[in-house]
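Student: What follows is a structure written as structure tokens; I'll ask about it next.
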Amino acid sequence: MKHLIFDFDGVLGDTSDSRIEVLQEMDGKSKEEILISSDLYFTKSTHTRDLNMSDQALGDLQSWITKFGTLLSKKEFNLFHDFIEEIKKISDANLAVVSSGSNIYVKPRLENCGLEFSHTLTFEDHHSKEEKVEMICKDWGVSVKDVYFFTDTISDVVELENLLGKNKIYGCAWGYQGRDRLLSVLEEGNVLTNFSDIGKIFTNQN
């Protein structure tokens, strides 16, 4: 049995352009300003487990994410359907989603994608991706060292590498930070350039 956990934004959901539109509506910043601040955020997340956020800060962030998620849910963004088709080809696999986004837009978009996720955990479930991965592994009855995590950001690699082992983390080049940025923290063999590359991970193990 294979155990696969996917980030949503930039991995399964093609939300980049819609995200920029929403942030422009919320903050009134230019696209260039948003791209710069986003790259900083996706390089060093502000809500990992080790930061020990206060209740006030967590509440403020939840309010912001609810507002952001509500606006994003109204946008016509697509899923990366070709990647989803490649995931469908992987046999004998547990699948889950761990996102820092809101369930307001994540869960509805995945409902009819054709994949069965045992868990879809978003910011509403916990602010830390480490905590959410551990929740899933407990329910699956597996070690955290047995799961594969698919992301598109440096911050996820930094947050999860000590928990999972960097060899079990795969970057998706079609996502927010792109191939070159991901290669700054992952080996070349752990960066997927094409959607079909996910199948090669398990083919190479057989």
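Ligands are numbered from 1 in the order shown, residues from 1 within each chain, and chains are lettered A, B, ... in the order they appear in the structure tokens.
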So which residues of region 26-201 of chain A fall under helix (DSSP H, G or I) by DSSP, listed as a count of residues only?

Tutor: 95

Student: Can you tell me, as a PyMOL selection string, what residues are no more than 12 Å from Leu40 (chain A) when counting only C-alpha atoms, ignoring any on the same chain fewer than 3 positions away?

Tutor: chain A and resi 33-37+43-46+153-155+176-177+181

Student: Would you mind listing what lies within 12 Å of Leu23 (chain A) as a list of chain:residue names, with only C-alpha atoms counted and same-chain residues fewer than 2 positions away left out?

Tutor: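 Contacts, with the query itself left out: A:Thr15, A:Ser16, A:Asp17, A:Ser18, A:Arg19, A:Ile20, A:Glu21, A:Glu25, A:Met26, A:Asp27, A:Gly28, A:Lys29, A:Ser30, A:Lys31, A:Glu32, A:Glu33, A:Ile34, A:Leu35, A:Ser37, A:Ser38, A:Trp64, A:Ile65, A:Lys67, A:Phe68, A:Gly69, A:Leu71, A:Leu72.
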
Student: Under the rule that only C-alpha atoms are counted, which of A:Ile136, A:Ile90, A:Cys172, A:Leu186 is the nearest residue to Lys200 (chain A)?

Tutor: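 The shortest atom-to-atom distance to Lys200 (chain A) comes from A:Ile90.
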
Student: Excluding Gly199 (chain A) and any residue of its chain fewer than 4 positions from it, enumerate the residues within 12 Å of it, using only C-alpha atoms, and give them as a ChimeraX atom specification.

Tutor: /A:2,83-91,192,194-195,203-206

Student: Let me see the file: selected residues, N, CA and C atoms, as a JSON list (two decimals), in the first residue's frame.

Tutor:
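Here's the written file out.json:
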```json
[["chain", "number", "residue", "atom", "x", "y", "z"],
["A", 2, "LYS", "N", 0.53, 2.18, -0.87],
["A", 2, "LYS", "CA", 1.25, 3.46, -0.93],
["A", 2, "LYS", "C", 0.41, 4.50, -0.18],
["A", 83, "PHE", "N", -2.87, 15.98, -14.05],
["A", 83, "PHE", "CA", -2.16, 15.40, -12.91],
["A", 83, "PHE", "C", -3.08, 14.44, -12.16],
["A", 84, "ILE", "N", -4.31, 14.83, -11.99],
["A", 84, "ILE", "CA", -5.27, 13.96, -11.31],
["A", 84, "ILE", "C", -5.43, 12.64, -12.07],
["A", 85, "GLU", "N", -5.41, 12.70, -13.39],
["A", 85, "GLU", "CA", -5.51, 11.47, -14.19],
["A", 85, "GLU", "C", -4.30, 10.56, -13.95],
["A", 86, "GLU", "N", -3.14, 11.17, -13.76],
["A", 86, "GLU", "CA", -1.94, 10.37, -13.47],
["A", 86, "GLU", "C", -2.03, 9.74, -12.08],
["A", 87, "ILE", "N", -2.58, 10.46, -11.13],
["A", 87, "ILE", "CA", -2.74, 9.91, -9.78],
["A", 87, "ILE", "C", -3.68, 8.70, -9.82],
["A", 88, "LYS", "N", -4.70, 8.79, -10.65],
["A", 88, "LYS", "CA", -5.67, 7.68, -10.77],
["A", 88, "LYS", "C", -5.00, 6.39, -11.23],
["A", 89, "LYS", "N", -3.89, 6.49, -11.93],
["A", 89, "LYS", "CA", -3.20, 5.30, -12.45],
["A", 89, "LYS", "C", -2.41, 4.56, -11.38],
["A", 90, "ILE", "N", -2.21, 5.20, -10.22],
["A", 90, "ILE", "CA", -1.43, 4.58, -9.16],
["A", 90, "ILE", "C", -2.33, 3.62, -8.38],
["A", 91, "SER", "N", -1.99, 2.37, -8.39],
["A", 91, "SER", "CA", -2.83, 1.36, -7.75],
["A", 91, "SER", "C", -2.48, 1.21, -6.27],
["A", 192, "LEU", "N", 9.12, 16.99, -9.71],
["A", 192, "LEU", "CA", 8.33, 16.50, -10.84],
["A", 192, "LEU", "C", 8.16, 17.63, -11.85],
["A", 194, "ASN", "N", 6.93, 16.98, -15.17],
["A", 194, "ASN", "CA", 5.71, 16.64, -15.90],
["A", 194, "ASN", "C", 4.74, 15.90, -14.99],
["A", 195, "PHE", "N", 3.45, 16.00, -15.29],
["A", 195, "PHE", "CA", 2.45, 15.32, -14.47],
["A", 195, "PHE", "C", 2.71, 13.83, -14.39],
["A", 203, "THR", "N", 7.33, 3.21, -10.13],
["A", 203, "THR", "CA", 7.87, 2.28, -11.11],
["A", 203, "THR", "C", 9.32, 1.97, -10.77],
["A", 204, "ASN", "N", 10.05, 3.01, -10.34],
["A", 204, "ASN", "CA", 11.47, 2.84, -10.03],
["A", 204, "ASN", "C", 11.69, 1.99, -8.77],
["A", 205, "GLN", "N", 10.66, 1.86, -7.95],
["A", 205, "GLN", "CA", 10.80, 1.10, -6.72],
["A", 205, "GLN", "C", 10.52, -0.39, -6.93],
["A", 206, "ASN", "N", 9.87, -0.72, -8.03],
["A", 206, "ASN", "CA", 9.50, -2.11, -8.28],
["A", 206, "ASN", "C", 10.64, -2.91, -8.88]]
```

Student: Could you please write out, as a list in words, every residue of region 112-183 of chain A that DSSP assigns to strand (DSSP E or B)?

Tutor: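 The strand (DSSP E or B) subset of region 112-183 of chain A is His119, Thr120, Leu121, Tyr148, Phe149, Phe150, Thr151, Ile169, Tyr170, Gly171 and Cys172 of chain A.
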
Student: Which residues come within 10 Å of His81 (chain A), counting only C-alpha atoms, excluding same-chain residues fewer than 6 positions away, as JSON, numbers by chain?

Tutor: {"A": [12, 13, 14, 87, 113, 114, 195]}

Student: Of the residues A:Asp156, A:Glu76, A:Glu130, A:Asp50, which is the one nearest to Val185 (chain A), using only C-alpha atoms?

Tutor: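 Among A:Asp156, A:Glu76, A:Glu130, A:Asp50, it is A:Asp156 that comes nearest to Val185 (chain A).
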
Student: Name all residues at most 6 Å from region 98-109 of chain A (count only C-alpha atoms; drop same-chain ones fewer than 2 positions away) and give them as a list in words.

Tutor: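 Listed by chain and then number, they are Asp7, Phe8, Gly69, Ser73, Glu111, Leu121, Thr122 and Phe123 of chain A.
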
Student: Write out, as a PDB file, in the first residue's frame, the residues just selected, with N, CA, C and O atoms.

Tutor:
```pdb
ATOM      1  N   ASP A   7      -0.566  18.581  -1.184  1.00  0.00           N
ATOM      2  CA  ASP A   7      -0.952  19.972  -0.992  1.00  0.00           C
ATOM      3  C   ASP A   7      -2.032  20.277  -2.032  1.00  0.00           C
ATOM      4  O   ASP A   7      -2.164  19.560  -3.033  1.00  0.00           O
ATOM      5  N   PHE A   8      -2.802  21.334  -1.815  1.00  0.00           N
ATOM      6  CA  PHE A   8      -3.860  21.651  -2.789  1.00  0.00           C
ATOM      7  C   PHE A   8      -3.432  22.747  -3.763  1.00  0.00           C
ATOM      8  O   PHE A   8      -3.273  22.502  -4.953  1.00  0.00           O
ATOM      9  N   GLY A  69     -10.777  32.791   1.489  1.00  0.00           N
ATOM     10  CA  GLY A  69     -11.359  31.570   0.951  1.00  0.00           C
ATOM     11  C   GLY A  69     -12.726  31.803   0.339  1.00  0.00           C
ATOM     12  O   GLY A  69     -13.070  31.204  -0.689  1.00  0.00           O
ATOM     13  N   SER A  73     -13.418  31.107  -3.567  1.00  0.00           N
ATOM     14  CA  SER A  73     -14.414  30.096  -3.934  1.00  0.00           C
ATOM     15  C   SER A  73     -15.320  30.563  -5.072  1.00  0.00           C
ATOM     16  O   SER A  73     -15.926  29.749  -5.773  1.00  0.00           O
ATOM     17  N   GLU A 111     -14.685  17.576  -4.835  1.00  0.00           N
ATOM     18  CA  GLU A 111     -15.794  16.634  -4.672  1.00  0.00           C
ATOM     19  C   GLU A 111     -15.998  15.726  -5.877  1.00  0.00           C
ATOM     20  O   GLU A 111     -16.289  14.538  -5.728  1.00  0.00           O
ATOM     21  N   LEU A 121      -7.756  17.890   4.834  1.00  0.00           N
ATOM     22  CA  LEU A 121      -7.538  18.738   6.004  1.00  0.00           C
ATOM     23  C   LEU A 121      -7.039  20.108   5.569  1.00  0.00           C
ATOM     24  O   LEU A 121      -6.055  20.227   4.837  1.00  0.00           O
ATOM     25  N   THR A 122      -7.711  21.151   6.045  1.00  0.00           N
ATOM     26  CA  THR A 122      -7.413  22.526   5.655  1.00  0.00           C
ATOM     27  C   THR A 122      -7.040  23.348   6.890  1.00  0.00           C
ATOM     28  O   THR A 122      -6.851  22.803   7.981  1.00  0.00           O
ATOM     29  N   PHE A 123      -6.952  24.660   6.722  1.00  0.00           N
ATOM     30  CA  PHE A 123      -6.569  25.506   7.856  1.00  0.00           C
ATOM     31  C   PHE A 123      -7.542  25.346   9.016  1.00  0.00           C
ATOM     32  O   PHE A 123      -7.144  25.439  10.187  1.00  0.00           O
TER      33      PHE A 123
END
```

Student: Figure out the distance between CA of Val22 (chain A) and CA of Lys74 (chain A), please, to one decimal in Å.

Tutor: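 One can read the CA of Lys74 (chain A) to CA of Val22 (chain A) distance as 9.8 Å.
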
Student: I'd like the interatomic distance between CA of Leu4 (chain A) and CA of Gln62 (chain A), to a tenth of an Å.

Tutor: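 Taking CA of Leu4 (chain A) and CA of Gln62 (chain A), their separation equals 26.7 Å.
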
Student: Have a look at CA of Leu163 (chain A) and CA of Phe42 (chain A) and let me know their distance in Å, one decimal.

Tutor: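 Atom-to-atom, CA of Leu163 (chain A) and CA of Phe42 (chain A) are spaced 18.6 Å apart.
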